[in-house]
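Structure file structure.cif (mmCIF, C-alpha atoms) follows.
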```cif
data_data
#
loop_
_atom_site.group_PDB
_atom_site.id
_atom_site.type_symbol
_atom_site.label_atom_id
_atom_site.label_comp_id
_atom_site.auth_asym_id
_atom_site.auth_seq_id
_atom_site.Cartn_x
_atom_site.Cartn_y
_atom_site.Cartn_z
ATOM 1 C CA MET A 184 -11.312 -19.453 -8.796
ATOM 2 C CA ILE A 185 -8.289 -21.686 -9.387
ATOM 3 C CA VAL A 186 -7.760 -20.078 -12.806
ATOM 4 C CA ALA A 187 -7.683 -16.623 -11.214
ATOM 5 C CA GLY A 188 -5.047 -17.844 -8.752
ATOM 6 C CA TRP A 189 -2.894 -19.149 -11.596
ATOM 7 C CA LEU A 190 -3.278 -15.906 -13.524
ATOM 8 C CA LEU A 191 -2.182 -13.887 -10.503
ATOM 9 C CA ALA A 192 0.767 -16.201 -9.916
ATOM 10 C CA GLY A 193 1.774 -15.799 -13.548
ATOM 11 C CA THR A 194 1.861 -12.024 -13.270
ATOM 12 C CA ALA A 195 3.945 -11.873 -10.078
ATOM 13 C CA SER A 196 7.041 -9.742 -10.396
ATOM 14 C CA VAL A 197 10.470 -11.224 -10.888
ATOM 15 C CA ALA A 198 11.569 -9.740 -7.552
ATOM 16 C CA SER A 199 8.826 -11.542 -5.632
ATOM 17 C CA ALA A 200 9.905 -14.819 -7.235
ATOM 18 C CA GLY A 201 13.430 -14.370 -5.841
ATOM 19 C CA GLY A 202 14.836 -12.841 -9.022
ATOM 20 C CA TRP A 203 17.475 -10.252 -8.214
ATOM 21 C CA ALA A 204 20.718 -9.073 -9.713
ATOM 22 C CA ALA A 205 23.890 -7.336 -8.661
ATOM 23 C CA THR A 206 25.903 -4.919 -10.756
ATOM 24 C CA THR A 207 29.682 -4.669 -10.724
ATOM 25 C CA LEU A 208 31.454 -1.701 -12.278
ATOM 26 C CA ASP A 209 34.475 -1.904 -14.561
ATOM 27 C CA GLU A 210 37.437 0.240 -13.664
ATOM 28 C CA MET A 211 36.921 3.754 -14.975
ATOM 29 C CA PRO A 212 38.885 6.989 -15.082
ATOM 30 C CA ALA A 213 38.027 9.782 -12.672
ATOM 31 C CA PRO A 214 35.137 11.774 -14.124
ATOM 32 C CA VAL A 215 35.742 15.386 -15.146
ATOM 33 C CA PRO A 216 32.837 17.829 -14.844
ATOM 34 C CA GLY A 217 31.051 18.359 -18.167
ATOM 35 C CA GLU A 218 33.021 15.677 -20.030
ATOM 36 C CA PRO A 219 31.667 12.234 -20.967
ATOM 37 C CA VAL A 220 33.114 9.241 -19.147
ATOM 38 C CA GLU A 221 32.499 5.687 -20.301
ATOM 39 C CA VAL A 222 31.054 3.535 -17.515
ATOM 40 C CA GLY A 223 31.184 -0.210 -18.079
ATOM 41 C CA PHE A 224 29.387 -2.688 -15.843
ATOM 42 C CA THR A 225 28.172 -6.265 -15.647
ATOM 43 C CA ILE A 226 24.748 -7.372 -14.414
ATOM 44 C CA ARG A 227 24.811 -10.753 -12.655
ATOM 45 C CA GLN A 228 21.640 -12.617 -11.735
ATOM 46 C CA HIS A 229 21.808 -13.575 -8.050
ATOM 47 C CA GLY A 230 25.216 -11.875 -8.078
ATOM 48 C CA VAL A 231 26.748 -14.839 -9.960
ATOM 49 C CA HIS A 232 25.613 -15.460 -13.536
ATOM 50 C CA PRO A 233 26.014 -12.666 -16.114
ATOM 51 C CA VAL A 234 22.648 -11.982 -17.711
ATOM 52 C CA ASP A 235 21.472 -9.873 -20.656
ATOM 53 C CA VAL A 236 18.507 -7.896 -19.440
ATOM 54 C CA GLY A 237 17.639 -6.560 -22.869
ATOM 55 C CA GLU A 238 15.486 -3.643 -21.728
ATOM 56 C CA GLU A 239 15.757 -0.336 -19.920
ATOM 57 C CA VAL A 240 19.373 -0.633 -18.781
ATOM 58 C CA ALA A 241 20.809 2.739 -17.821
ATOM 59 C CA ILE A 242 22.924 4.710 -15.365
ATOM 60 C CA GLU A 243 21.003 7.310 -13.353
ATOM 61 C CA ILE A 244 22.789 10.111 -11.501
ATOM 62 C CA SER A 245 21.434 12.643 -9.004
ATOM 63 C CA ALA A 246 23.289 15.639 -7.629
ATOM 64 C CA ALA A 247 23.459 15.351 -3.837
ATOM 65 C CA GLY A 248 21.589 17.933 -1.808
ATOM 66 C CA GLU A 249 19.611 19.362 -4.709
ATOM 67 C CA GLY A 250 15.997 18.953 -5.730
ATOM 68 C CA ALA A 251 17.021 18.501 -9.371
ATOM 69 C CA GLU A 252 15.615 15.710 -11.483
ATOM 70 C CA PRO A 253 17.914 12.714 -11.926
ATOM 71 C CA GLU A 254 19.716 12.407 -15.250
ATOM 72 C CA VAL A 255 19.502 9.093 -17.105
ATOM 73 C CA PHE A 256 22.118 7.755 -19.520
ATOM 74 C CA PRO A 257 21.020 4.699 -21.547
ATOM 75 C CA ALA A 258 23.399 1.744 -21.668
ATOM 76 C CA THR A 259 23.981 -0.684 -24.507
ATOM 77 C CA GLN A 260 25.006 -4.320 -24.286
ATOM 78 C CA GLN A 261 28.603 -4.772 -25.447
ATOM 79 C CA GLY A 262 30.873 -7.766 -25.542
ATOM 80 C CA LEU A 263 30.295 -10.604 -23.124
ATOM 81 C CA THR A 264 26.893 -11.619 -21.780
ATOM 82 C CA GLY A 265 25.591 -9.139 -19.225
ATOM 83 C CA HIS A 266 28.177 -6.451 -19.970
ATOM 84 C CA TYR A 267 26.933 -2.932 -20.692
ATOM 85 C CA ARG A 268 28.420 0.508 -21.344
ATOM 86 C CA ALA A 269 26.942 3.958 -20.841
ATOM 87 C CA GLU A 270 28.414 7.351 -21.629
ATOM 88 C CA VAL A 271 27.783 9.460 -18.518
ATOM 89 C CA VAL A 272 28.287 13.200 -18.077
ATOM 90 C CA PHE A 273 28.503 14.671 -14.581
ATOM 91 C CA PRO A 274 27.523 18.298 -15.292
ATOM 92 C CA ARG A 275 29.610 19.953 -12.557
ATOM 93 C CA ALA A 276 31.942 19.192 -9.680
ATOM 94 C CA GLY A 277 30.311 17.889 -6.520
ATOM 95 C CA ASP A 278 28.796 14.848 -4.865
ATOM 96 C CA TYR A 279 26.390 12.563 -6.706
ATOM 97 C CA THR A 280 24.418 9.436 -5.939
ATOM 98 C CA TRP A 281 24.020 6.966 -8.747
ATOM 99 C CA LEU A 282 22.339 3.721 -9.600
ATOM 100 C CA VAL A 283 21.957 1.208 -12.406
ATOM 101 C CA ARG A 284 18.549 0.529 -13.887
ATOM 102 C CA GLN A 285 18.688 -3.241 -14.369
ATOM 103 C CA GLY A 286 15.544 -3.721 -16.445
ATOM 104 C CA MET A 287 13.315 -6.425 -14.976
ATOM 105 C CA PHE A 288 15.564 -6.663 -11.902
ATOM 106 C CA GLY A 289 14.888 -3.069 -10.881
ATOM 107 C CA PRO A 290 17.353 -0.420 -9.806
ATOM 108 C CA ARG A 291 20.627 -1.200 -8.016
ATOM 109 C CA GLU A 292 22.226 1.621 -6.028
ATOM 110 C CA LEU A 293 25.921 2.203 -6.616
ATOM 111 C CA GLY A 294 26.410 4.573 -3.684
ATOM 112 C CA SER A 295 27.924 8.008 -4.052
ATOM 113 C CA ILE A 296 30.679 9.484 -6.168
ATOM 114 C CA THR A 297 32.543 12.772 -5.831
ATOM 115 C CA VAL A 298 33.477 14.590 -9.024
ATOM 116 C CA ALA A 299 36.440 16.881 -8.420
ATOM 117 C CA ALA A 300 36.862 20.226 -10.149
ATOM 118 C CA PRO A 301 39.622 20.202 -12.765
ATOM 119 C CA PRO A 302 42.849 21.949 -11.725
ATOM 120 C CA ALA A 303 42.917 25.672 -12.527
ATOM 121 C CA ALA A 304 44.799 26.583 -15.684
ATOM 122 C CA GLY A 305 48.081 28.355 -15.021
ATOM 123 C CA GLY A 306 48.090 27.160 -11.415
ATOM 124 C CA SER A 307 51.257 26.824 -9.423
ATOM 125 C CA TYR A 308 53.458 23.893 -10.282
ATOM 126 C CA ARG A 309 55.486 22.227 -7.582
ATOM 127 C CA TYR A 310 58.815 20.857 -8.724
ATOM 128 C CA SER A 311 59.854 17.509 -7.375
ATOM 129 C CA PRO A 312 62.689 17.561 -4.818
ATOM 130 C CA VAL A 313 65.030 15.999 -7.390
ATOM 131 C CA ILE A 314 64.514 18.900 -9.773
ATOM 132 C CA ARG A 315 64.370 21.522 -7.058
ATOM 133 C CA TYR A 316 67.558 20.463 -5.225
ATOM 134 C CA GLY A 317 69.267 17.926 -7.462
ATOM 135 C CA LEU A 318 69.803 20.138 -10.501
ATOM 136 C CA PRO A 319 71.628 22.922 -8.596
ATOM 137 C CA VAL A 320 73.825 20.320 -6.891
ATOM 138 C CA LEU A 321 74.584 18.680 -10.241
ATOM 139 C CA ALA A 322 75.392 22.089 -11.775
ATOM 140 C CA GLY A 323 77.783 22.787 -8.884
ATOM 141 C CA ILE A 324 79.531 19.461 -9.343
ATOM 142 C CA LEU A 325 79.938 20.046 -13.074
ATOM 143 C CA ALA A 326 81.300 23.550 -12.433
ATOM 144 C CA ALA A 327 83.825 22.151 -9.925
ATOM 145 C CA VAL A 328 84.945 19.486 -12.415
ATOM 146 C CA ALA A 329 85.344 22.100 -15.156
ATOM 147 C CA LEU A 330 87.331 24.389 -12.827
ATOM 148 C CA GLY A 331 89.526 21.453 -11.772
ATOM 149 C CA ASP A 332 90.165 20.624 -15.422
ATOM 150 C CA VAL A 333 91.257 24.219 -16.079
ATOM 151 C CA VAL A 334 93.609 24.215 -13.058
ATOM 152 C CA VAL A 335 95.146 20.852 -13.979
ATOM 153 C CA GLY A 336 95.566 21.983 -17.597
ATOM 154 C CA ARG A 337 97.478 25.118 -16.516
ATOM 155 C CA ARG A 338 99.775 23.087 -14.284
ATOM 156 C CA ARG A 339 100.537 20.682 -17.132
ATOM 157 C CA ARG A 340 101.373 23.564 -19.461
ATOM 158 C CA ARG A 341 103.696 25.145 -16.836
ATOM 159 C CA LEU A 342 105.469 21.855 -16.283
ATOM 160 C CA ALA A 343 105.776 21.267 -20.016
ATOM 161 C CA THR A 344 107.380 24.698 -20.613
ATOM 162 C CA ALA A 345 109.705 24.524 -17.586
#
```

Translate this file's structure into structure tokens.
Amino acid sequence: MIVAGWLLAGTASVASAGGWAATTLDEMPAPVPGEPVEVGFTIRQHGVHPVDVGEEVAIEISAAGEGAEPEVFPATQQGLTGHYRAEVVFPRAGDYTWLVRQGMFGPRELGSITVAAPPAAGGSYRYSPVIRYGLPVLAGILAAVALGDVVVGRRRRRLATA
């Protein structure tokens, strides 16, 4: 009976023994629909000590409001202890929920992310106020200086010939 108790205690999950981890994301560029974006992150046991999980580490994304299956992007350990990278592709613009599969520590939700549609090609371009108003003013000033130079030059020639 005591042996059975020890066997059960030995097979208890890491989570029930107080083992948990937090994931912090590296800074990343804004994702573009259909293009891979590199997502770097660090897994810290008890939110403090970086730890290499060594198994089933991945980023999982799910499109919000759809019954579609989540997409999983495996991560590989790179660099310092506990640091991983995954190449993630958000298939289209919209809202997504995502999480990190932290191996033995289980999944850790990252919240939601909105992927914006890329700007339309050939769209309208708004000039900055400096270009829009400053260049015409500068052109006017240069024209006035040139005209003044012409007028002064004529006066000098008249005075020189008189």

Among listed residues A:Leu293, A:Ala251, A:Leu282, A:Val236, nearest Tyr267 in chain A (using all atoms listed in the file): A:Val236

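Distances here use all atoms listed in the file; by that measure, the residue among A:Gly217, A:Asp209, A:Val298, A:Leu342 closest to Pro274 in chain A is A:Gly217.
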
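Minimum atom-to-atom distances from A:Gly336, A:Gly237, A:Thr206, A:Phe273 to Gln261 in chain A were compared using all atoms listed in the file, and the lowest value belongs to A:Gly237.
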
Interatomic distance, CA of Phe256 in chain A to CA of Ala204 in chain A (Å, one decimal): 19.5 Å

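Among the candidate residues A:Leu263, A:Ile296, A:Ala326, A:Val255, the one lying nearest to Pro233 in chain A is A:Leu263, with distances computed using all atoms listed in the file.
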
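The interatomic distance for the pair CA of Val240 in chain A and CA of Glu221 in chain A works out to 14.6 Å.
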
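From CA of Pro290 in chain A back to CA of Ala205 in chain A, the distance works out to 9.6 Å.
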
Nearest-residue call for Glu239 in chain A, choices A:Phe288, A:Phe224, A:Trp203, A:Tyr279, using all atoms listed in the file: A:Phe288

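Proximity to Ile242 in chain A at 8 Å, evaluated using all atoms listed in the file and with sequence-adjacent residues fewer than 4 positions away removed, yields A:Val255, A:Phe256, A:Pro257, A:Ala258, A:Ala269, A:Val271, A:Trp281, A:Leu282, A:Val283, A:Arg284.
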
I need the chosen residues saved as a CSV table (one decimal), keeping the file's coordinate frame, with C-alpha atoms.
```
chain,number,residue,atom,x,y,z
A,255,VAL,CA,19.5,9.1,-17.1
A,256,PHE,CA,22.1,7.8,-19.5
A,257,PRO,CA,21.0,4.7,-21.5
A,258,ALA,CA,23.4,1.7,-21.7
A,269,ALA,CA,26.9,4.0,-20.8
A,271,VAL,CA,27.8,9.5,-18.5
A,281,TRP,CA,24.0,7.0,-8.7
A,282,LEU,CA,22.3,3.7,-9.6
A,283,VAL,CA,22.0,1.2,-12.4
A,284,ARG,CA,18.5,0.5,-13.9
```
